[in-house]
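J.: Okay, handing you the structure first.
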Amino acid sequence: MKRAWILFLILLITFSSYAFSQANLYHLIPKEAASNGKLGVVVKSLTQGKSVFEYNSDKLFIPASNIKVITSVTALSLLKPDYRFKTELYSGGEILNGILYGGLFIKGYGDPTLTTQDLSLMVYKLKEMGIKEIRGGITVDDSYFGQDRYGKGWKKQWRGNPFCPPIGALTLNHNKYKVHIRPSKPGKAPVVELEPKGTSVNVINNAVTGGRKSTVLIRRLEEGRTILIKGRIPLKASPAVFEVTVSNPAIYTGSVFKKLIEDSGIKVQGFISTGETPTWANKLYTHLSEPLYTIINQYNKNSINLIGENLFKTLGAEILGPPGTWEKGSKVVSDFLRKAVSVEDEFNIVDGSGLSLLNRVSPQTMIKVLEFAYINKPIFSEFISSLPIGGVDGTLKRRFRMSEVEGRVIAKTGHLNNVNALSGYLITKKGEILVFSILANGLGWKAVEFQNALLTHLVDCCESSI
């Protein structure tokens, strides 16, 4: 009888402490979210497998870049951490006496990390083969993906911004180039240089050298095929540098590649064109990307949208067959959530970056994905190491500095207009590992204030309150 009474007291104390903690957490909810569906939260202890706090846990929200958590876990699980993207070179005919006949083909398979330096390596390989001339031009093949460049639910006005580049299977430098503008003589147009060399774009330079303050700016015209440069740049000003998205990723890649080939001393007879690589073409070289886990690290730490979309379409192509499309990617990810992660809540996932305003997930779904990653050791170390650390790196480098949670929050951020999201893991002072998801639509900076307050409160959790 005495033992039963003691057990009852222990349970009562534990429950009371937990209830007190829950009440404290409810008091943190901003009044703007107290009686509507603007905020959803789930916090759970992975150490003890128990819920700590829930609020609108099954309500659907626009998650913004928190979608990257889902894309990452799906890609690491289905493609595997050591997966590498390839880019292939083919000849359309024989190579005789240093002349490549039938044209050169470059085929992309969705590598989101291909750079000008990688193309330079390919040129070196062509030189090694003794090629001195290419007859038949260069054909760029991006048929591994569908030809839609922008996802459903992406605002049209976002196009041209570095965070919203066009998507293609043959991608270079994240489908962006740099425009360097430096002063020349007073009253004259400034000097304009494009990086990398070979970037194919029409430049209208209406800017002027002079004035006290730099007002120079760039506008994309004709969907990026032309750029207009306006304003003034002072005579002694440092060069102004702008990052601009391309209009056609494959043509951009081909133009830069052709320039590199010609600069190496190899003659190119013919033009750059788009098309599919013939089945009878001769493979010359295969370039491989870094392994997927390295790419996932770049993707999540710096929230690179293009990587997410290329992963999304690659999942569609690899699992359901090419061409990779947003529709196929959506089916693969959705099936993975239902069958592997056992998600029961409703959701709608239409892209891999979170740019789409049509995406919908609940905090509970985010928690299930984060839990799935945690218990699947083959992917967990690569996944968690890819997430930003509060006050340390990535998109959380400037947050949580000099706070109690600095270095303890390991999470993915998400921001769109009036959308704020944060989902990941928190290591408490007592060694508990908490998983959390905080999704907010329509709260503005109140959402960020709530995130900060909640995590600061939770860091002192949780042994005595669960």
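In the structure tokens, chains take letters A, B, ... by order of appearance, with residues numbered from 1 within each chain and ligands from 1 in the order shown.
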Out of segment 52-88 of chain A, which residues get helix (DSSP H, G or I) from DSSP, as a list of chain:residue names?

T.: A:Ala64, A:Ser65, A:Asn66, A:Ile67, A:Lys68, A:Val69, A:Ile70, A:Thr71, A:Ser72, A:Val73, A:Thr74, A:Ala75, A:Leu76, A:Ser77, A:Leu78

J.: Using only C-alpha atoms, which protein or nucleic acid residues come within 9 Å of Lys213 of chain A? Drop anything in the same chain fewer than 5 positions from it, and give the result as an MDAnalysis selection string.

T.: chainID A and resid 232:234 237

J.: Would you save the residues of that selection, restricted to C-alpha atoms, as a CSV table (one decimal), in the first residue's frame?

T.:
chain,number,residue,atom,x,y,z
A,232,ARG,CA,25.6,56.7,-62.6
A,233,ILE,CA,28.8,55.4,-61.1
A,234,PRO,CA,31.3,57.9,-59.6
A,237,ALA,CA,34.1,54.3,-57.2

J.: List as a PDB file with N, CA and C atoms, in the first residue's frame the protein and nucleic acid residues near Leu358 of chain A, meaning an atom at most 10 Å away when only C-alpha atoms are counted, but skip any in the same chain fewer than 2 places from it.

T.:
ATOM      1  N   PHE A  61       0.169  24.565 -43.121  1.00  0.00           N
ATOM      2  CA  PHE A  61       0.816  25.868 -43.275  1.00  0.00           C
ATOM      3  C   PHE A  61       1.673  25.876 -44.533  1.00  0.00           C
ATOM      4  N   ILE A  62       1.904  27.071 -45.075  1.00  0.00           N
ATOM      5  CA  ILE A  62       2.950  27.235 -46.088  1.00  0.00           C
ATOM      6  C   ILE A  62       4.280  27.134 -45.346  1.00  0.00           C
ATOM      7  N   PRO A  63       5.138  26.180 -45.693  1.00  0.00           N
ATOM      8  CA  PRO A  63       6.353  25.954 -44.902  1.00  0.00           C
ATOM      9  C   PRO A  63       7.585  26.712 -45.385  1.00  0.00           C
ATOM     10  N   ALA A  64       7.498  27.357 -46.567  1.00  0.00           N
ATOM     11  CA  ALA A  64       8.674  28.001 -47.165  1.00  0.00           C
ATOM     12  C   ALA A  64       9.826  26.995 -47.230  1.00  0.00           C
ATOM     13  N   LYS A 152       5.142  25.680 -60.211  1.00  0.00           N
ATOM     14  CA  LYS A 152       3.799  26.174 -59.919  1.00  0.00           C
ATOM     15  C   LYS A 152       3.789  26.843 -58.546  1.00  0.00           C
ATOM     16  N   GLY A 153       3.094  27.973 -58.481  1.00  0.00           N
ATOM     17  CA  GLY A 153       3.017  28.681 -57.213  1.00  0.00           C
ATOM     18  C   GLY A 153       4.176  29.621 -56.956  1.00  0.00           C
ATOM     19  N   TRP A 154       5.071  29.766 -57.955  1.00  0.00           N
ATOM     20  CA  TRP A 154       6.147  30.757 -57.843  1.00  0.00           C
ATOM     21  C   TRP A 154       5.627  32.079 -58.414  1.00  0.00           C
ATOM     22  N   ASN A 348       0.565  18.920 -49.122  1.00  0.00           N
ATOM     23  CA  ASN A 348       0.675  19.181 -50.556  1.00  0.00           C
ATOM     24  C   ASN A 348       2.076  19.700 -50.824  1.00  0.00           C
ATOM     25  N   ILE A 349       2.865  18.920 -51.535  1.00  0.00           N
ATOM     26  CA  ILE A 349       4.253  19.287 -51.811  1.00  0.00           C
ATOM     27  C   ILE A 349       4.438  19.336 -53.319  1.00  0.00           C
ATOM     28  N   VAL A 350       4.727  20.527 -53.835  1.00  0.00           N
ATOM     29  CA  VAL A 350       4.801  20.705 -55.283  1.00  0.00           C
ATOM     30  C   VAL A 350       6.190  21.090 -55.777  1.00  0.00           C
ATOM     31  N   ASP A 351       7.105  21.412 -54.875  1.00  0.00           N
ATOM     32  CA  ASP A 351       8.471  21.710 -55.314  1.00  0.00           C
ATOM     33  C   ASP A 351       9.464  21.284 -54.239  1.00  0.00           C
ATOM     34  N   GLY A 354      10.634  25.017 -51.583  1.00  0.00           N
ATOM     35  CA  GLY A 354       9.723  25.744 -50.709  1.00  0.00           C
ATOM     36  C   GLY A 354       9.311  27.095 -51.257  1.00  0.00           C
ATOM     37  N   LEU A 355       9.705  27.399 -52.499  1.00  0.00           N
ATOM     38  CA  LEU A 355       9.300  28.672 -53.102  1.00  0.00           C
ATOM     39  C   LEU A 355       7.805  28.724 -53.394  1.00  0.00           C
ATOM     40  N   SER A 356       7.213  27.576 -53.670  1.00  0.00           N
ATOM     41  CA  SER A 356       5.816  27.565 -54.076  1.00  0.00           C
ATOM     42  C   SER A 356       4.885  27.949 -52.932  1.00  0.00           C
ATOM     43  N   ARG A 360       1.881  22.866 -48.686  1.00  0.00           N
ATOM     44  CA  ARG A 360       1.209  22.841 -47.385  1.00  0.00           C
ATOM     45  C   ARG A 360       1.680  21.623 -46.589  1.00  0.00           C
TER      46      ARG A 360
END

J.: Which residue is closest to Val241 of chain A? Choose from A:Lys313, A:Ala281, A:Val179, A:Leu221 and count only C-alpha atoms.

T.: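 Comparing A:Lys313, A:Ala281, A:Val179, A:Leu221 against Val241 of chain A, the winner is A:Val179.
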
J.: Per residue of segment 298-374 of chain A within 9 Å of segment 33-49 of chain A, what are the shortest atom pair and its distance in Å to one decimal, counting only C-alpha atoms, with rows by chain and residue number, as a tab-separated table?

T.:
residue	atom	partner	partner_atom	distance
A:Ser362	CA	A:Gly40	CA	7.5
A:Pro363	CA	A:Val41	CA	5.9
A:Gln364	CA	A:Val42	CA	6.4
A:Met366	CA	A:Val42	CA	8.9
A:Ile367	CA	A:Val42	CA	7.2
A:Glu371	CA	A:Leu46	CA	7.6
A:Tyr374	CA	A:Leu46	CA	8.4

J.: Which residues are near Ile319 of chain A? Cut-off 10 Å, only C-alpha atoms, ignore same chain within fewer than 6 positions. Put them as a PyMOL selection string.

T.: chain A and resi 78-79+328-329+331-332

J.: Output as number ranges by chain all residues of segment 28-140 of chain A that backbone DSSP marks as strand (DSSP E).

T.: A: 39-45, 50-55, 86-91, 95-96, 99-100, 104-108, 133-135, 138-140

J.: Report, in Å to a single decimal, how far apart atom CA of Ile427 of chain A and atom CA of His27 of chain A are.

T.: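 Here the two named atoms are 22.4 Å from each other.
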